[in-house]
Amino acid sequence: MIDFAGSGVVHVTGGATAIIATMILGPRKGRFYDEKTGKKLETAKEFPGHSMSLQMLGTFILWFGWHGFNAGSALRVTTTYHSNLAATAAVNTTLSAAAAGVTALFTNLVIVERLTGEATFNLLYAMNGSLAGLVSITAGCAIVEPWAAVVIGFISGLLYLGTSHLLVRFCLDDAVDAIPVHLANGLWGTLAVGLFASERGMTSFLNGDLPKHVGWFYSWGRGSSDCTLLAAQIVGLLFILGWILILMTPFFLILNYLGWFRADALEEIVGLDISYHGRPTSKNESFHGWLENTGNEDLRERDPFNK
């Protein structure tokens with residue numbers, strides 16, 4: 001198995017942990033079901049973050065840092081081709097992230113326009129789409145060609161969108177879309193190595209030795225249907241998923257049984273910023289919205305935003 005900078009061992013591990021935790025924890029109150037009647041909502045309620053600017057800043061900080069561990073991973077390879085690997089990794093990291101971000105942004109734009117008749121740009125999809133592209137290119141950033149990085153990023157943008165909407169359909173509440181970004185695209189990125197690993201990239205990776213096995217598509221170019229590398233990637237992913245399932249499922253079940261896994265119901269309604277720190281961060285806080293709709297005048301007078 002080849003996982004150059006961690007699509008599998010880092011991101012699939014984190015994403016698989018996230019989906020196990022999400023299934024055991026359950027959705028936030030009011031996300032999919034009405035808090036008063038308990039009936040399922042026709043449309044899932046959105047819980048937007050309080051600052052799009054900070055989200056965008058965080059995305060660019062992650063993108064910048066990604067070049068460090070993608071290109072920097074070349075220094076850990078036993079080869080004399082460090083510069084070739086690092087340069088290829090840096091270029092492919094940028095190409096995949098950009099392709100995925102643009103794909104997610106404009107695909108969502110088209111979908112929204114078709115459904116509502118009004119075209120709306122949603123930067124959240126551009127940000128998470130870019131992160132999805134970064135995750136998917138991490139496994140093969142130094143051993144695939146730049147054109148393949150664009151293809152990988154394009155597919156990862158679509159995969160992120162599809163997985164995100166699929167989670168909502170199955171009432172799985174992923175607050176920050178960690179599962180679509182890390183699990184779905186970690187799987188895709190690791191498999192993509194078995195499809196797109198080039199002979200040039202593998203030669204640099206193997207310190208000048210010609211590779212016996214390359215990506216499946218390149219095997220076709222050799223007149224062969226050798227998919228040994230792809231099979232190795234699949235086996236590696238199955239091992240990672242099995243390891244996480246065995247290790248993390250009992251861990252979260254124990255936390256949940258002991259009552260240590262989820263915040264108190266009242267604290268969840270009030271908001272953790274208020275219950276832990278004594279102040280809300282914005283007027284979008286759930287506590288403020290709840291106070292605005294309650295009939296308790298005494299509580300409304302104590303709302304910090306009314307002071």
# chains A, B, ... in the order shown; residues from 1 in each chain; ligands from 1
>>> residues_around(residues="Trp66 in chain A", least_positions_apart="4", cutoff="12 Å", atoms="only C-alpha atoms", output="list in words")
Ala5, Gly6, Ser7, Thr59, Phe60, Ile61, Leu62, Asn70, Ala71, Gly72, Ser73, Ala89, Ala90, Val91, Asn92, Thr93, Thr94, Ser96, Ala97, Ser130, Leu131, Ala132, Gly133, Leu134, Val135, Ser136, Ile137, Thr138 and Cys141 of chain A
>>> select_by_dssp(residues="range 5-179 of chain A", states="alpha helix (DSSP H)", output="tab-separated table (two decimals) with N, CA, C and O atoms, in the first residue's frame")
chain	number	residue	atom	x	y	z
A	13	THR	N	-8.79	7.29	9.02
A	13	THR	CA	-8.85	7.02	10.46
A	13	THR	C	-9.75	8.03	11.17
A	13	THR	O	-10.64	7.66	11.94
A	14	GLY	N	-9.52	9.30	10.91
A	14	GLY	CA	-10.34	10.34	11.54
A	14	GLY	C	-11.78	10.31	11.07
A	14	GLY	O	-12.71	10.46	11.87
A	15	GLY	N	-11.99	10.11	9.78
A	15	GLY	CA	-13.35	10.10	9.24
A	15	GLY	C	-14.15	8.90	9.71
A	15	GLY	O	-15.35	9.02	10.02
A	16	ALA	N	-13.51	7.73	9.78
A	16	ALA	CA	-14.20	6.54	10.28
A	16	ALA	C	-14.55	6.69	11.75
A	16	ALA	O	-15.63	6.28	12.20
A	17	THR	N	-13.64	7.29	12.51
A	17	THR	CA	-13.93	7.57	13.92
A	17	THR	C	-15.12	8.52	14.03
A	17	THR	O	-15.99	8.35	14.89
A	18	ALA	N	-15.18	9.51	13.15
A	18	ALA	CA	-16.26	10.49	13.18
A	18	ALA	C	-17.62	9.86	12.90
A	18	ALA	O	-18.61	10.20	13.56
A	19	ILE	N	-17.69	8.95	11.94
A	19	ILE	CA	-19.00	8.37	11.62
A	19	ILE	C	-19.47	7.43	12.73
A	19	ILE	O	-20.67	7.37	13.03
A	20	ILE	N	-18.55	6.73	13.38
A	20	ILE	CA	-18.93	5.90	14.53
A	20	ILE	C	-19.44	6.78	15.66
A	20	ILE	O	-20.49	6.51	16.27
A	21	ALA	N	-18.72	7.86	15.94
A	21	ALA	CA	-19.13	8.78	17.00
A	21	ALA	C	-20.48	9.42	16.68
A	21	ALA	O	-21.34	9.56	17.57
A	22	THR	N	-20.68	9.81	15.43
A	22	THR	CA	-21.93	10.45	15.03
A	22	THR	C	-23.12	9.52	15.19
A	22	THR	O	-24.19	9.94	15.66
A	23	MET	N	-22.96	8.27	14.83
A	23	MET	CA	-24.05	7.31	14.93
A	23	MET	C	-24.42	7.02	16.38
A	23	MET	O	-25.59	6.87	16.72
A	24	ILE	N	-23.43	6.98	17.26
A	24	ILE	CA	-23.70	6.71	18.68
A	24	ILE	C	-24.23	7.95	19.38
A	24	ILE	O	-25.14	7.88	20.21
A	25	LEU	N	-23.67	9.11	19.05
A	25	LEU	CA	-24.05	10.36	19.72
A	25	LEU	C	-25.45	10.82	19.36
A	25	LEU	O	-26.21	11.30	20.20
A	52	MET	N	-18.30	33.44	9.06
A	52	MET	CA	-17.82	32.92	7.79
A	52	MET	C	-16.39	33.37	7.52
A	52	MET	O	-15.60	32.64	6.91
A	53	SER	N	-16.04	34.55	8.01
A	53	SER	CA	-14.68	35.06	7.81
A	53	SER	C	-13.65	34.18	8.51
A	53	SER	O	-12.60	33.87	7.93
A	54	LEU	N	-13.95	33.77	9.73
A	54	LEU	CA	-13.02	32.90	10.45
A	54	LEU	C	-12.96	31.52	9.81
A	54	LEU	O	-11.90	30.88	9.80
A	55	GLN	N	-14.08	31.06	9.26
A	55	GLN	CA	-14.07	29.78	8.56
A	55	GLN	C	-13.16	29.84	7.33
A	55	GLN	O	-12.39	28.91	7.06
A	56	MET	N	-13.27	30.94	6.59
A	56	MET	CA	-12.43	31.09	5.40
A	56	MET	C	-10.96	31.21	5.79
A	56	MET	O	-10.07	30.62	5.14
A	57	LEU	N	-10.68	31.95	6.86
A	57	LEU	CA	-9.31	32.08	7.34
A	57	LEU	C	-8.75	30.71	7.73
A	57	LEU	O	-7.62	30.36	7.38
A	58	GLY	N	-9.56	29.93	8.43
A	58	GLY	CA	-9.13	28.59	8.82
A	58	GLY	C	-8.85	27.70	7.63
A	58	GLY	O	-7.90	26.90	7.65
A	59	THR	N	-9.67	27.83	6.58
A	59	THR	CA	-9.46	27.03	5.38
A	59	THR	C	-8.12	27.35	4.72
A	59	THR	O	-7.36	26.45	4.34
A	60	PHE	N	-7.81	28.64	4.62
A	60	PHE	CA	-6.53	29.02	4.00
A	60	PHE	C	-5.34	28.63	4.87
A	60	PHE	O	-4.27	28.29	4.35
A	61	ILE	N	-5.50	28.68	6.18
A	61	ILE	CA	-4.42	28.25	7.07
A	61	ILE	C	-4.16	26.75	6.88
A	61	ILE	O	-3.02	26.30	6.80
A	62	LEU	N	-5.25	25.97	6.79
A	62	LEU	CA	-5.11	24.54	6.55
A	62	LEU	C	-4.45	24.27	5.19
A	62	LEU	O	-3.56	23.42	5.07
A	63	TRP	N	-4.91	24.99	4.18
A	63	TRP	CA	-4.35	24.81	2.83
A	63	TRP	C	-2.85	25.09	2.83
A	63	TRP	O	-2.05	24.35	2.26
A	64	PHE	N	-2.47	26.19	3.48
A	64	PHE	CA	-1.05	26.55	3.56
A	64	PHE	C	-0.26	25.47	4.30
A	64	PHE	O	0.81	25.04	3.85
A	65	GLY	N	-0.81	25.01	5.41
A	65	GLY	CA	-0.12	23.98	6.19
A	65	GLY	C	-0.04	22.65	5.47
A	65	GLY	O	0.91	21.88	5.68
A	66	TRP	N	-1.02	22.38	4.60
A	66	TRP	CA	-1.04	21.12	3.86
A	66	TRP	C	0.21	20.97	2.99
A	66	TRP	O	0.70	19.86	2.79
A	67	HIS	N	0.70	22.08	2.48
A	67	HIS	CA	1.92	22.00	1.67
A	67	HIS	C	3.09	21.53	2.51
A	67	HIS	O	4.03	20.90	1.99
A	68	GLY	N	3.06	21.83	3.79
A	68	GLY	CA	4.14	21.41	4.67
A	68	GLY	C	4.22	19.90	4.81
A	68	GLY	O	5.29	19.31	4.63
A	69	PHE	N	3.08	19.27	5.12
A	69	PHE	CA	3.21	17.82	5.33
A	69	PHE	C	3.06	17.01	4.05
A	69	PHE	O	3.46	15.84	4.03
A	70	ASN	N	2.52	17.57	2.97
A	70	ASN	CA	2.54	16.84	1.69
A	70	ASN	C	3.93	16.89	1.06
A	70	ASN	O	4.56	15.87	0.79
A	71	ALA	N	4.40	18.12	0.83
A	71	ALA	CA	5.74	18.26	0.25
A	71	ALA	C	6.81	17.82	1.25
A	71	ALA	O	7.82	17.20	0.88
A	72	GLY	N	6.59	18.11	2.53
A	72	GLY	CA	7.58	17.76	3.55
A	72	GLY	C	7.73	16.26	3.74
A	72	GLY	O	8.78	15.79	4.20
A	82	HIS	N	14.41	13.61	-3.65
A	82	HIS	CA	13.58	14.39	-2.73
A	82	HIS	C	13.00	15.64	-3.39
A	82	HIS	O	11.83	15.97	-3.20
A	83	SER	N	13.82	16.34	-4.17
A	83	SER	CA	13.36	17.59	-4.77
A	83	SER	C	12.24	17.34	-5.79
A	83	SER	O	11.27	18.09	-5.85
A	84	ASN	N	12.37	16.27	-6.57
A	84	ASN	CA	11.33	15.94	-7.55
A	84	ASN	C	10.01	15.61	-6.84
A	84	ASN	O	8.94	16.06	-7.24
A	85	LEU	N	10.11	14.80	-5.78
A	85	LEU	CA	8.91	14.40	-5.05
A	85	LEU	C	8.25	15.60	-4.38
A	85	LEU	O	7.03	15.77	-4.42
A	86	ALA	N	9.06	16.46	-3.76
A	86	ALA	CA	8.51	17.62	-3.04
A	86	ALA	C	7.86	18.60	-4.00
A	86	ALA	O	6.77	19.14	-3.72
A	87	ALA	N	8.50	18.85	-5.14
A	87	ALA	CA	7.94	19.80	-6.11
A	87	ALA	C	6.63	19.28	-6.69
A	87	ALA	O	5.65	20.03	-6.81
A	88	THR	N	6.61	18.00	-7.04
A	88	THR	CA	5.39	17.40	-7.59
A	88	THR	C	4.27	17.43	-6.55
A	88	THR	O	3.11	17.74	-6.87
A	89	ALA	N	4.61	17.13	-5.30
A	89	ALA	CA	3.61	17.12	-4.23
A	89	ALA	C	3.01	18.52	-4.04
A	89	ALA	O	1.79	18.66	-3.87
A	90	ALA	N	3.84	19.55	-4.07
A	90	ALA	CA	3.35	20.91	-3.87
A	90	ALA	C	2.41	21.34	-4.99
A	90	ALA	O	1.34	21.92	-4.75
A	91	VAL	N	2.80	21.06	-6.22
A	91	VAL	CA	1.97	21.43	-7.37
A	91	VAL	C	0.64	20.68	-7.35
A	91	VAL	O	-0.43	21.28	-7.52
A	92	ASN	N	0.70	19.38	-7.12
A	92	ASN	CA	-0.52	18.57	-7.12
A	92	ASN	C	-1.46	18.94	-5.98
A	92	ASN	O	-2.68	18.86	-6.12
A	93	THR	N	-0.90	19.31	-4.84
A	93	THR	CA	-1.72	19.73	-3.70
A	93	THR	C	-2.57	20.94	-4.06
A	93	THR	O	-3.77	20.99	-3.79
A	94	THR	N	-1.94	21.91	-4.71
A	94	THR	CA	-2.66	23.12	-5.10
A	94	THR	C	-3.71	22.83	-6.18
A	94	THR	O	-4.85	23.31	-6.10
A	95	LEU	N	-3.33	22.04	-7.16
A	95	LEU	CA	-4.25	21.75	-8.27
A	95	LEU	C	-5.49	21.00	-7.79
A	95	LEU	O	-6.62	21.33	-8.17
A	96	SER	N	-5.30	20.01	-6.96
A	96	SER	CA	-6.43	19.20	-6.50
A	96	SER	C	-7.37	20.02	-5.62
A	96	SER	O	-8.59	19.96	-5.77
A	97	ALA	N	-6.81	20.81	-4.71
A	97	ALA	CA	-7.64	21.63	-3.83
A	97	ALA	C	-8.44	22.65	-4.62
A	97	ALA	O	-9.64	22.86	-4.37
A	98	ALA	N	-7.79	23.31	-5.57
A	98	ALA	CA	-8.48	24.31	-6.38
A	98	ALA	C	-9.58	23.68	-7.23
A	98	ALA	O	-10.70	24.21	-7.30
A	99	ALA	N	-9.27	22.55	-7.85
A	99	ALA	CA	-10.27	21.88	-8.69
A	99	ALA	C	-11.48	21.44	-7.86
A	99	ALA	O	-12.63	21.60	-8.28
A	100	ALA	N	-11.23	20.90	-6.68
A	100	ALA	CA	-12.32	20.43	-5.83
A	100	ALA	C	-13.17	21.59	-5.32
A	100	ALA	O	-14.40	21.51	-5.28
A	101	GLY	N	-12.53	22.68	-4.92
A	101	GLY	CA	-13.27	23.83	-4.41
A	101	GLY	C	-14.18	24.44	-5.47
A	101	GLY	O	-15.35	24.74	-5.21
A	102	VAL	N	-13.64	24.63	-6.67
A	102	VAL	CA	-14.43	25.19	-7.76
A	102	VAL	C	-15.56	24.24	-8.16
A	102	VAL	O	-16.70	24.66	-8.40
A	103	THR	N	-15.26	22.95	-8.20
A	103	THR	CA	-16.27	21.95	-8.57
A	103	THR	C	-17.43	21.94	-7.58
A	103	THR	O	-18.60	21.97	-7.97
A	104	ALA	N	-17.12	21.91	-6.28
A	104	ALA	CA	-18.16	21.89	-5.26
A	104	ALA	C	-18.99	23.17	-5.28
A	104	ALA	O	-20.23	23.13	-5.17
A	105	LEU	N	-18.32	24.30	-5.43
A	105	LEU	CA	-19.02	25.59	-5.43
A	105	LEU	C	-20.01	25.69	-6.58
A	105	LEU	O	-21.19	26.02	-6.39
A	106	PHE	N	-19.55	25.40	-7.80
A	106	PHE	CA	-20.40	25.59	-8.97
A	106	PHE	C	-21.42	24.45	-9.14
A	106	PHE	O	-22.51	24.68	-9.67
A	107	THR	N	-21.09	23.27	-8.70
A	107	THR	CA	-22.07	22.18	-8.75
A	107	THR	C	-23.23	22.48	-7.82
A	107	THR	O	-24.40	22.30	-8.18
A	108	ASN	N	-22.92	22.96	-6.62
A	108	ASN	CA	-23.99	23.35	-5.70
A	108	ASN	C	-24.80	24.51	-6.26
A	108	ASN	O	-26.03	24.57	-6.10
A	109	LEU	N	-24.12	25.45	-6.93
A	109	LEU	CA	-24.81	26.58	-7.54
A	109	LEU	C	-25.84	26.11	-8.56
A	109	LEU	O	-26.99	26.56	-8.57
A	110	VAL	N	-25.45	25.16	-9.40
A	110	VAL	CA	-26.36	24.62	-10.42
A	110	VAL	C	-27.53	23.89	-9.77
A	110	VAL	O	-28.69	24.05	-10.17
A	111	ILE	N	-27.22	23.08	-8.75
A	111	ILE	CA	-28.28	22.32	-8.07
A	111	ILE	C	-29.30	23.26	-7.42
A	111	ILE	O	-30.52	23.07	-7.57
A	112	VAL	N	-28.81	24.27	-6.72
A	112	VAL	CA	-29.71	25.22	-6.06
A	112	VAL	C	-30.54	25.98	-7.08
A	112	VAL	O	-31.74	26.20	-6.90
A	113	GLU	N	-29.92	26.38	-8.19
A	113	GLU	CA	-30.64	27.12	-9.24
A	113	GLU	C	-31.73	26.25	-9.86
A	113	GLU	O	-32.84	26.72	-10.14
A	114	ARG	N	-31.44	24.97	-10.06
A	114	ARG	CA	-32.44	24.06	-10.63
A	114	ARG	C	-33.61	23.83	-9.68
A	114	ARG	O	-34.76	23.69	-10.10
A	115	LEU	N	-33.31	23.79	-8.37
A	115	LEU	CA	-34.35	23.49	-7.38
A	115	LEU	C	-35.18	24.70	-6.98
A	115	LEU	O	-36.38	24.58	-6.72
A	116	THR	N	-34.53	25.86	-6.91
A	116	THR	CA	-35.22	27.06	-6.40
A	116	THR	C	-35.45	28.13	-7.45
A	116	THR	O	-36.24	29.04	-7.23
A	123	LEU	N	-20.21	29.88	0.00
A	123	LEU	CA	-18.77	29.72	0.22
A	123	LEU	C	-18.43	28.51	1.06
A	123	LEU	O	-17.31	28.00	1.00
A	124	LEU	N	-19.38	28.04	1.85
A	124	LEU	CA	-19.13	26.86	2.68
A	124	LEU	C	-18.74	25.66	1.82
A	124	LEU	O	-17.84	24.88	2.18
A	125	TYR	N	-19.39	25.52	0.66
A	125	TYR	CA	-19.08	24.41	-0.23
A	125	TYR	C	-17.72	24.59	-0.90
A	125	TYR	O	-17.02	23.61	-1.16
A	126	ALA	N	-17.36	25.83	-1.17
A	126	ALA	CA	-16.03	26.07	-1.74
A	126	ALA	C	-14.94	25.72	-0.73
A	126	ALA	O	-13.92	25.10	-1.08
A	127	MET	N	-15.18	26.10	0.53
A	127	MET	CA	-14.18	25.82	1.57
A	127	MET	C	-14.04	24.33	1.83
A	127	MET	O	-12.93	23.78	1.80
A	128	ASN	N	-15.15	23.67	2.11
A	128	ASN	CA	-15.09	22.23	2.39
A	128	ASN	C	-14.70	21.43	1.15
A	128	ASN	O	-14.06	20.38	1.25
A	129	GLY	N	-15.09	21.92	-0.03
A	129	GLY	CA	-14.67	21.27	-1.26
A	129	GLY	C	-13.16	21.31	-1.42
A	129	GLY	O	-12.53	20.31	-1.81
A	130	SER	N	-12.56	22.45	-1.11
A	130	SER	CA	-11.10	22.57	-1.18
A	130	SER	C	-10.43	21.62	-0.20
A	130	SER	O	-9.42	20.96	-0.54
A	131	LEU	N	-10.97	21.53	1.00
A	131	LEU	CA	-10.41	20.60	1.99
A	131	LEU	C	-10.55	19.16	1.51
A	131	LEU	O	-9.66	18.34	1.73
A	132	ALA	N	-11.67	18.86	0.86
A	132	ALA	CA	-11.87	17.51	0.32
A	132	ALA	C	-10.81	17.21	-0.74
A	132	ALA	O	-10.26	16.10	-0.80
A	133	GLY	N	-10.51	18.19	-1.58
A	133	GLY	CA	-9.46	18.00	-2.58
A	133	GLY	C	-8.09	17.80	-1.96
A	133	GLY	O	-7.28	17.00	-2.45
A	134	LEU	N	-7.83	18.51	-0.87
A	134	LEU	CA	-6.55	18.34	-0.17
A	134	LEU	C	-6.44	16.94	0.43
A	134	LEU	O	-5.38	16.31	0.37
A	135	VAL	N	-7.54	16.47	1.01
A	135	VAL	CA	-7.53	15.13	1.60
A	135	VAL	C	-7.29	14.07	0.53
A	135	VAL	O	-6.49	13.14	0.71
A	136	SER	N	-7.98	14.20	-0.59
A	136	SER	CA	-7.91	13.15	-1.62
A	136	SER	C	-6.56	13.08	-2.31
A	136	SER	O	-6.15	12.00	-2.77
A	137	ILE	N	-5.84	14.18	-2.38
A	137	ILE	CA	-4.55	14.16	-3.08
A	137	ILE	C	-3.41	13.76	-2.15
A	137	ILE	O	-2.29	13.45	-2.61
A	138	THR	N	-3.67	13.71	-0.86
A	138	THR	CA	-2.60	13.48	0.11
A	138	THR	C	-1.91	12.13	-0.09
A	138	THR	O	-0.69	12.03	0.07
A	146	PRO	N	0.25	15.96	-12.71
A	146	PRO	CA	-0.63	17.11	-12.44
A	146	PRO	C	-2.03	16.99	-13.04
A	146	PRO	O	-3.01	17.40	-12.42
A	147	TRP	N	-2.13	16.44	-14.26
A	147	TRP	CA	-3.46	16.30	-14.85
A	147	TRP	C	-4.33	15.36	-14.01
A	147	TRP	O	-5.54	15.57	-13.86
A	148	ALA	N	-3.69	14.33	-13.45
A	148	ALA	CA	-4.43	13.39	-12.61
A	148	ALA	C	-4.86	14.07	-11.31
A	148	ALA	O	-5.94	13.76	-10.77
A	149	ALA	N	-4.05	14.99	-10.80
A	149	ALA	CA	-4.42	15.71	-9.58
A	149	ALA	C	-5.69	16.53	-9.81
A	149	ALA	O	-6.55	16.63	-8.91
A	150	VAL	N	-5.83	17.11	-11.00
A	150	VAL	CA	-7.04	17.88	-11.33
A	150	VAL	C	-8.25	16.94	-11.37
A	150	VAL	O	-9.33	17.27	-10.87
A	151	VAL	N	-8.08	15.77	-11.99
A	151	VAL	CA	-9.17	14.80	-12.07
A	151	VAL	C	-9.56	14.32	-10.68
A	151	VAL	O	-10.75	14.24	-10.33
A	152	ILE	N	-8.57	14.01	-9.85
A	152	ILE	CA	-8.83	13.57	-8.48
A	152	ILE	C	-9.58	14.65	-7.71
A	152	ILE	O	-10.54	14.38	-6.98
A	153	GLY	N	-9.16	15.90	-7.87
A	153	GLY	CA	-9.83	17.01	-7.19
A	153	GLY	C	-11.25	17.21	-7.68
A	153	GLY	O	-12.16	17.46	-6.88
A	154	PHE	N	-11.45	17.10	-8.98
A	154	PHE	CA	-12.80	17.25	-9.55
A	154	PHE	C	-13.75	16.21	-8.96
A	154	PHE	O	-14.86	16.53	-8.52
A	155	ILE	N	-13.31	14.97	-8.93
A	155	ILE	CA	-14.16	13.90	-8.39
A	155	ILE	C	-14.38	14.09	-6.90
A	155	ILE	O	-15.48	13.84	-6.38
A	156	SER	N	-13.37	14.55	-6.18
A	156	SER	CA	-13.51	14.74	-4.74
A	156	SER	C	-14.52	15.84	-4.41
A	156	SER	O	-15.25	15.75	-3.42
A	157	GLY	N	-14.59	16.88	-5.26
A	157	GLY	CA	-15.60	17.92	-5.04
A	157	GLY	C	-17.01	17.37	-5.17
A	157	GLY	O	-17.89	17.69	-4.37
A	158	LEU	N	-17.24	16.55	-6.18
A	158	LEU	CA	-18.54	15.91	-6.36
A	158	LEU	C	-18.84	14.92	-5.24
A	158	LEU	O	-19.97	14.85	-4.74
A	159	LEU	N	-17.82	14.17	-4.84
A	159	LEU	CA	-17.99	13.18	-3.77
A	159	LEU	C	-18.33	13.84	-2.46
A	159	LEU	O	-19.17	13.34	-1.69
A	160	TYR	N	-17.69	14.97	-2.19
A	160	TYR	CA	-18.01	15.71	-0.95
A	160	TYR	C	-19.47	16.13	-0.94
A	160	TYR	O	-20.18	15.93	0.06
A	161	LEU	N	-19.92	16.73	-2.03
A	161	LEU	CA	-21.32	17.18	-2.11
A	161	LEU	C	-22.29	16.03	-1.93
A	161	LEU	O	-23.24	16.11	-1.14
A	162	GLY	N	-22.07	14.95	-2.67
A	162	GLY	CA	-22.97	13.81	-2.60
A	162	GLY	C	-23.03	13.18	-1.22
A	162	GLY	O	-24.11	12.87	-0.70
A	163	THR	N	-21.86	13.00	-0.60
A	163	THR	CA	-21.82	12.39	0.72
A	163	THR	C	-22.46	13.28	1.77
A	163	THR	O	-23.17	12.80	2.67
A	164	SER	N	-22.24	14.59	1.67
A	164	SER	CA	-22.84	15.52	2.62
A	164	SER	C	-24.36	15.47	2.58
A	164	SER	O	-25.03	15.41	3.62
A	165	HIS	N	-24.92	15.46	1.39
A	165	HIS	CA	-26.39	15.38	1.25
A	165	HIS	C	-26.91	14.00	1.66
A	165	HIS	O	-28.02	13.89	2.19
A	166	LEU	N	-26.11	12.97	1.44
A	166	LEU	CA	-26.53	11.62	1.82
A	166	LEU	C	-26.63	11.49	3.34
A	166	LEU	O	-27.55	10.84	3.86
A	167	LEU	N	-25.71	12.11	4.05
A	167	LEU	CA	-25.76	12.07	5.52
A	167	LEU	C	-27.04	12.72	6.04
A	167	LEU	O	-27.66	12.22	6.98
A	168	VAL	N	-27.42	13.85	5.45
A	168	VAL	CA	-28.65	14.53	5.87
A	168	VAL	C	-29.86	13.64	5.59
A	168	VAL	O	-30.79	13.56	6.41
A	169	ARG	N	-29.86	12.97	4.46
A	169	ARG	CA	-30.98	12.10	4.11
A	169	ARG	C	-31.13	10.97	5.13
A	169	ARG	O	-32.26	10.56	5.45
A	178	ALA	N	-17.14	16.47	8.64
A	178	ALA	CA	-15.88	15.73	8.74
A	178	ALA	C	-15.94	14.41	7.98
A	178	ALA	O	-14.94	13.97	7.41
>>> residues_around(residues="Asp226 in chain A", least_positions_apart="2", cutoff="12 Å", atoms="only C-alpha atoms", output="list in words")
Gly194, Leu195, Lys212, His213, Val214, Gly215, Trp216, Phe217, Tyr218, Ser219, Trp220, Gly221, Arg222, Gly223, Ser224, Thr228, Leu229, Leu230, Ala231 and Ala232 of chain A
>>> residues_around(residues="Gly140 in chain A", least_positions_apart="3", cutoff="8 Å", atoms="only C-alpha atoms", output="list in words")
Ile2, Asp3, Phe4, Ala5, Ile137, Ile143, Val144, Gly189, Thr190, Ala192, Val193 and Ala197 of chain A
>>> write_last_selection(atoms="C-alpha atoms", output="mmCIF file, in the first residue's frame")
data_model
loop_
_atom_site.group_PDB
_atom_site.id
_atom_site.type_symbol
_atom_site.label_atom_id
_atom_site.label_comp_id
_atom_site.auth_asym_id
_atom_site.auth_seq_id
_atom_site.Cartn_x
_atom_site.Cartn_y
_atom_site.Cartn_z
ATOM 1 C CA ILE A 2 1.216 3.499 -0.852
ATOM 2 C CA ASP A 3 -0.061 6.374 1.283
ATOM 3 C CA PHE A 4 2.482 9.119 0.726
ATOM 4 C CA ALA A 5 1.231 11.691 3.266
ATOM 5 C CA ILE A 137 -4.545 14.165 -3.082
ATOM 6 C CA ILE A 143 3.428 10.011 -7.523
ATOM 7 C CA VAL A 144 0.580 11.159 -9.780
ATOM 8 C CA GLY A 189 -7.649 9.465 -2.479
ATOM 9 C CA THR A 190 -6.138 6.174 -1.350
ATOM 10 C CA ALA A 192 -6.837 6.937 -6.648
ATOM 11 C CA VAL A 193 -3.195 5.959 -6.107
ATOM 12 C CA ALA A 197 0.210 6.298 -9.916
#
>>> atom_distance(atom1="CA of Ile254 in chain A", atom2="CA of Ile269 in chain A")
24.2 Å
